[in-house]
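A short worksheet on the structure shown next.
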Amino acid sequence: METHREYGTHHLLSSMEEGDPIGHYKDLLLNAEENKKILGDFFEFELASARKDAQEALFFNGGLTIPILGLLYGLPSGDPGQTWSAAWAKLIENSPVRLHMGDLPIKPGQSDIFKENIRDTVEDFKKKWKFLIDPLDIPIAIEVIVRPNPNTPSSVLHDLDNIVRDYLLPAIVPAFGTVTDWRWTIGYQALLNNESITLSDDAIRRLPPKQTRAGVTRYDIWRLPPHVTDPGFVSVSLVGDLCIRDSIFRQIDDSNCEWADDYDSY
């Protein structure tokens with residue numbers, strides 16, 4: 001029995017030390033009974049903590065970076081830049097941690113089809129990652145990449161804000177239960193009910209108004225130039241918004257400020 005317990009402890013610690021948060025969470029779930037014997041009353045706490053870390057890992061890798069964004073826009077300019085742009089667009093389109101909604105509607109009657117594509121994509125993603133994101137324990141932002149169909153008439157080129165507000169948020173927010181502020185991810189009522197934890201009612205009163213709860217912390221959306229030989233697409237990334245990494249817009253502003261400071265120093 002002790003040998004089994006020692007092996008179990010070693011196996012559990014190994015999954016933690018290997019720097020694989022998703023693997024560690026899977027281990028806790030798949031070997032729940034064994035891990036309960038090892039961790040005792042701390043199992044539920046460790047499970048919740050591991051789920052949060054695993055969600056951060058899952059939703060960290062789908063976000064954009066300034067170099068990737070530049071390549072998507074064909075920078076550096078010239079034929080090599082265009083080649084990289086097409087290659088990165090294909091990688092984005094096939095990423096397993098992004099939600100791929102298909103092409104934007106450009107003809108009458110296509111809006112319903114696009115909305116159905118969004119619903120199906122969201123449901124497929126939820127089924128794939130249900131073990132990890134149900135419930136969702138971290139605040140979420142969304143980053144959207146739109147590449148219009150090359151046949152899109154300029155008269156029906158979609159306003160970027162409307163794409164998010166009319167199509168994406170109504171499907172994503174209720175399906176994933178995303179919230180507008182990190183404070184909504186804290187189970188204050190459960191803490192208040194726990195006699196071993198001292199927490200004042202003032203902590204709950206500092207929450208934002210309840211009617212502002214449902215939503216995302218922010219959204220960034222980028223429209224790429226159409227590709228003459230490829231169809232358009234809408235690709236969405238759920239990004240853990242944990243104040244670890246600023247939005248792309250903020251990163252660009254900071255880079256410009258650094259460049260200006262370096263320029264002035266010459």
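Naming scheme: A, B, ... for chains in displayed order of the structure tokens; residues 1 onward per chain; ligands 1 onward as shown.
Using only C-alpha atoms, the contacts of Gly19 in chain A at a cut-off of 12 Å, with sequence neighbours closer than 6 positions omitted, comprise Leu13, Tyr25, Ala50, Asp53, Ala54 and Ala57 of chain A.
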What would the file look like if the residues just selected were written as a JSON list (two decimals), in the first residue's frame with C-alpha atoms?
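File written: out13.json
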```json
[["chain", "number", "residue", "atom", "x", "y", "z"],
["A", 13, "LEU", "CA", 4.48, 15.42, -8.75],
["A", 25, "TYR", "CA", -5.17, 18.51, -14.83],
["A", 50, "ALA", "CA", -5.00, 23.00, -11.81],
["A", 53, "ASP", "CA", -3.68, 26.88, -14.78],
["A", 54, "ALA", "CA", -4.68, 24.54, -17.61],
["A", 57, "ALA", "CA", -2.20, 27.43, -20.89]]
```
Picked from range 38-262 of chain A by DSSP as helix (DSSP H, G or I), as number ranges by chain: A: 38-60, 66-72, 79-93, 110-133, 154-156, 160-176, 182-185, 188-193, 202-205, 210-212, 248-262
Near Arg223 in chain A, counting only C-alpha atoms, which residues have an atom at most 8 Å away, once you skip same-chain residues fewer than 6 positions from it, shown as an MDAnalysis selection string? chainID A and resid 145:148 160
Using the selection just defined, write its residues with all heavy atoms as an mmCIF file, in the first residue's frame.
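Saved as part_1.cif:
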```cif
data_model
loop_
_atom_site.group_PDB
_atom_site.id
_atom_site.type_symbol
_atom_site.label_atom_id
_atom_site.label_comp_id
_atom_site.auth_asym_id
_atom_site.auth_seq_id
_atom_site.Cartn_x
_atom_site.Cartn_y
_atom_site.Cartn_z
ATOM 1 N N ILE A 145 -9.713 37.547 -36.372
ATOM 2 C CA ILE A 145 -9.075 37.826 -37.655
ATOM 3 C C ILE A 145 -10.113 37.604 -38.752
ATOM 4 O O ILE A 145 -10.736 36.536 -38.819
ATOM 5 C CB ILE A 145 -7.867 36.911 -37.911
ATOM 6 C CG1 ILE A 145 -6.831 37.065 -36.806
ATOM 7 C CG2 ILE A 145 -7.233 37.226 -39.259
ATOM 8 C CD1 ILE A 145 -5.706 36.056 -36.895
ATOM 9 N N VAL A 146 -10.299 38.597 -39.589
ATOM 10 C CA VAL A 146 -11.244 38.502 -40.697
ATOM 11 C C VAL A 146 -10.480 38.661 -42.008
ATOM 12 O O VAL A 146 -9.722 39.624 -42.171
ATOM 13 C CB VAL A 146 -12.324 39.600 -40.609
ATOM 14 C CG1 VAL A 146 -13.231 39.565 -41.838
ATOM 15 C CG2 VAL A 146 -13.137 39.442 -39.338
ATOM 16 N N ARG A 147 -10.638 37.696 -42.892
ATOM 17 C CA ARG A 147 -10.132 37.871 -44.254
ATOM 18 C C ARG A 147 -11.335 37.812 -45.186
ATOM 19 O O ARG A 147 -11.959 36.759 -45.329
ATOM 20 C CB ARG A 147 -9.120 36.793 -44.638
ATOM 21 C CG ARG A 147 -8.465 37.093 -45.994
ATOM 22 C CD ARG A 147 -7.343 36.136 -46.319
ATOM 23 N NE ARG A 147 -7.855 34.805 -46.631
ATOM 24 C CZ ARG A 147 -7.076 33.738 -46.791
ATOM 25 N NH1 ARG A 147 -5.768 33.860 -46.634
ATOM 26 N NH2 ARG A 147 -7.602 32.568 -47.064
ATOM 27 N N PRO A 148 -11.697 38.926 -45.797
ATOM 28 C CA PRO A 148 -12.883 38.932 -46.661
ATOM 29 C C PRO A 148 -12.712 38.025 -47.874
ATOM 30 O O PRO A 148 -11.595 37.794 -48.353
ATOM 31 C CB PRO A 148 -12.988 40.400 -47.098
ATOM 32 C CG PRO A 148 -12.150 41.167 -46.138
ATOM 33 C CD PRO A 148 -11.058 40.249 -45.717
ATOM 34 N N LEU A 160 -16.319 46.202 -38.811
ATOM 35 C CA LEU A 160 -15.679 45.240 -37.917
ATOM 36 C C LEU A 160 -16.387 45.131 -36.566
ATOM 37 O O LEU A 160 -16.563 44.036 -36.025
ATOM 38 C CB LEU A 160 -14.204 45.607 -37.723
ATOM 39 C CG LEU A 160 -13.334 45.522 -38.983
ATOM 40 C CD1 LEU A 160 -11.889 45.871 -38.657
ATOM 41 C CD2 LEU A 160 -13.410 44.139 -39.618
#
```
Could you check the closest approach to Lys126 in chain A for each of A:Val97, A:Ile252, A:Ala214, A:Leu168 and tell me which residue wins, using only C-alpha atoms?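 Among the listed residues, A:Val97 lies closest to Lys126 in chain A.
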Which residue, A:His24, A:Arg218, A:Arg51, A:Arg250, has the smallest gap to Glu143 in chain A when you use only C-alpha atoms?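 Between A:His24, A:Arg218, A:Arg51, A:Arg250, the residue approaching Glu143 in chain A most closely is A:Arg218.
Of the listed residues (A:Asp161, A:Asp261, A:Asp166, A:Asp112), A:Asp161 comes nearest to Ile221 in chain A; the distances count only C-alpha atoms.
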Write out as a ChimeraX atom specification each polymer residue whose atoms come within 8 Å of range 129-137 of chain A, counting only C-alpha atoms; drop sequence neighbours fewer than 2 positions from it. /A:51-52,54-55,125-127,139,176-178,185
Of the listed residues A:Ile248, A:Ile186, A:Ile172, A:Ala86, that which approaches Pro231 in chain A most closely, counting only C-alpha atoms: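 Counting only C-alpha atoms, the residue closest to Pro231 in chain A is A:Ala86.
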DSSP on the backbone, then: every residue of range 125-265 of chain A marked strand (DSSP E), written as a short mmCIF file (atom, residue, chain, number, x, y, z; two decimals) with N, CA, C and O atoms, in the first residue's frame.
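Output contents, as saved in selection.cif:
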```cif
data_model
loop_
_atom_site.label_atom_id
_atom_site.label_comp_id
_atom_site.auth_asym_id
_atom_site.auth_seq_id
_atom_site.Cartn_x
_atom_site.Cartn_y
_atom_site.Cartn_z
N ILE A 140 -12.03 36.14 -20.06
CA ILE A 140 -11.67 35.89 -21.45
C ILE A 140 -11.85 37.15 -22.29
O ILE A 140 -12.86 37.86 -22.18
N ALA A 141 -10.85 37.42 -23.14
CA ALA A 141 -10.97 38.40 -24.22
C ALA A 141 -11.04 37.62 -25.53
O ALA A 141 -10.72 36.43 -25.57
N ILE A 142 -11.47 38.25 -26.59
CA ILE A 142 -11.45 37.57 -27.89
C ILE A 142 -10.65 38.41 -28.90
O ILE A 142 -10.71 39.63 -28.90
N GLU A 143 -9.88 37.69 -29.70
CA GLU A 143 -9.13 38.30 -30.80
C GLU A 143 -9.64 37.68 -32.09
O GLU A 143 -9.70 36.46 -32.22
N VAL A 144 -10.02 38.52 -33.02
CA VAL A 144 -10.69 38.09 -34.24
C VAL A 144 -9.87 38.49 -35.46
O VAL A 144 -9.39 39.63 -35.54
N ILE A 145 -9.71 37.55 -36.37
CA ILE A 145 -9.08 37.83 -37.65
C ILE A 145 -10.11 37.60 -38.75
O ILE A 145 -10.74 36.54 -38.82
N VAL A 146 -10.30 38.60 -39.59
CA VAL A 146 -11.24 38.50 -40.70
C VAL A 146 -10.48 38.66 -42.01
O VAL A 146 -9.72 39.62 -42.17
N ARG A 147 -10.64 37.70 -42.89
CA ARG A 147 -10.13 37.87 -44.25
C ARG A 147 -11.33 37.81 -45.19
O ARG A 147 -11.96 36.76 -45.33
N TYR A 219 -12.30 43.08 -26.90
CA TYR A 219 -12.14 42.36 -28.16
C TYR A 219 -11.30 43.18 -29.13
O TYR A 219 -11.40 44.41 -29.18
N ASP A 220 -10.43 42.49 -29.83
CA ASP A 220 -9.61 43.09 -30.89
C ASP A 220 -9.99 42.39 -32.19
O ASP A 220 -10.13 41.17 -32.22
N ILE A 221 -10.14 43.15 -33.25
CA ILE A 221 -10.49 42.55 -34.53
C ILE A 221 -9.66 43.18 -35.64
O ILE A 221 -9.46 44.39 -35.67
N TRP A 222 -9.16 42.31 -36.54
CA TRP A 222 -8.26 42.73 -37.60
C TRP A 222 -8.79 42.22 -38.94
O TRP A 222 -9.19 41.07 -39.05
N ARG A 223 -8.78 43.11 -39.94
CA ARG A 223 -9.20 42.70 -41.28
C ARG A 223 -7.98 42.61 -42.19
O ARG A 223 -7.29 43.61 -42.42
N PHE A 233 -12.38 34.07 -44.45
CA PHE A 233 -12.66 33.36 -43.21
C PHE A 233 -12.76 34.33 -42.05
O PHE A 233 -12.27 35.47 -42.11
N VAL A 234 -13.40 33.86 -40.99
CA VAL A 234 -13.43 34.55 -39.71
C VAL A 234 -12.87 33.58 -38.69
O VAL A 234 -13.39 32.48 -38.51
N SER A 235 -11.79 33.96 -38.02
CA SER A 235 -11.14 33.10 -37.04
C SER A 235 -11.07 33.82 -35.70
O SER A 235 -10.64 34.97 -35.63
N VAL A 236 -11.52 33.13 -34.66
CA VAL A 236 -11.63 33.74 -33.33
C VAL A 236 -10.73 32.99 -32.36
O VAL A 236 -10.70 31.76 -32.34
N SER A 237 -10.03 33.73 -31.55
CA SER A 237 -9.23 33.15 -30.48
C SER A 237 -9.76 33.63 -29.14
O SER A 237 -9.97 34.84 -28.95
N LEU A 238 -10.02 32.69 -28.24
CA LEU A 238 -10.33 33.04 -26.86
C LEU A 238 -9.00 33.22 -26.14
O LEU A 238 -8.16 32.33 -26.16
N VAL A 239 -8.81 34.36 -25.52
CA VAL A 239 -7.54 34.69 -24.89
C VAL A 239 -7.76 34.92 -23.40
O VAL A 239 -8.62 35.72 -23.01
N GLY A 240 -7.00 34.22 -22.58
CA GLY A 240 -7.08 34.45 -21.15
C GLY A 240 -6.60 35.86 -20.82
O GLY A 240 -5.43 36.18 -21.06
#
```
Could you check which of A:Asn31, A:Thr121, A:Thr152, A:Gln251 is closest to His227 in chain A, using only C-alpha atoms? A:Thr152
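We find CA of Asp253 in chain A and CA of Gly215 in chain A to be spaced 25.1 Å apart.
Picture a line from CA of Pro108 in chain A to CA of Val164 in chain A; it runs 19.4 Å.
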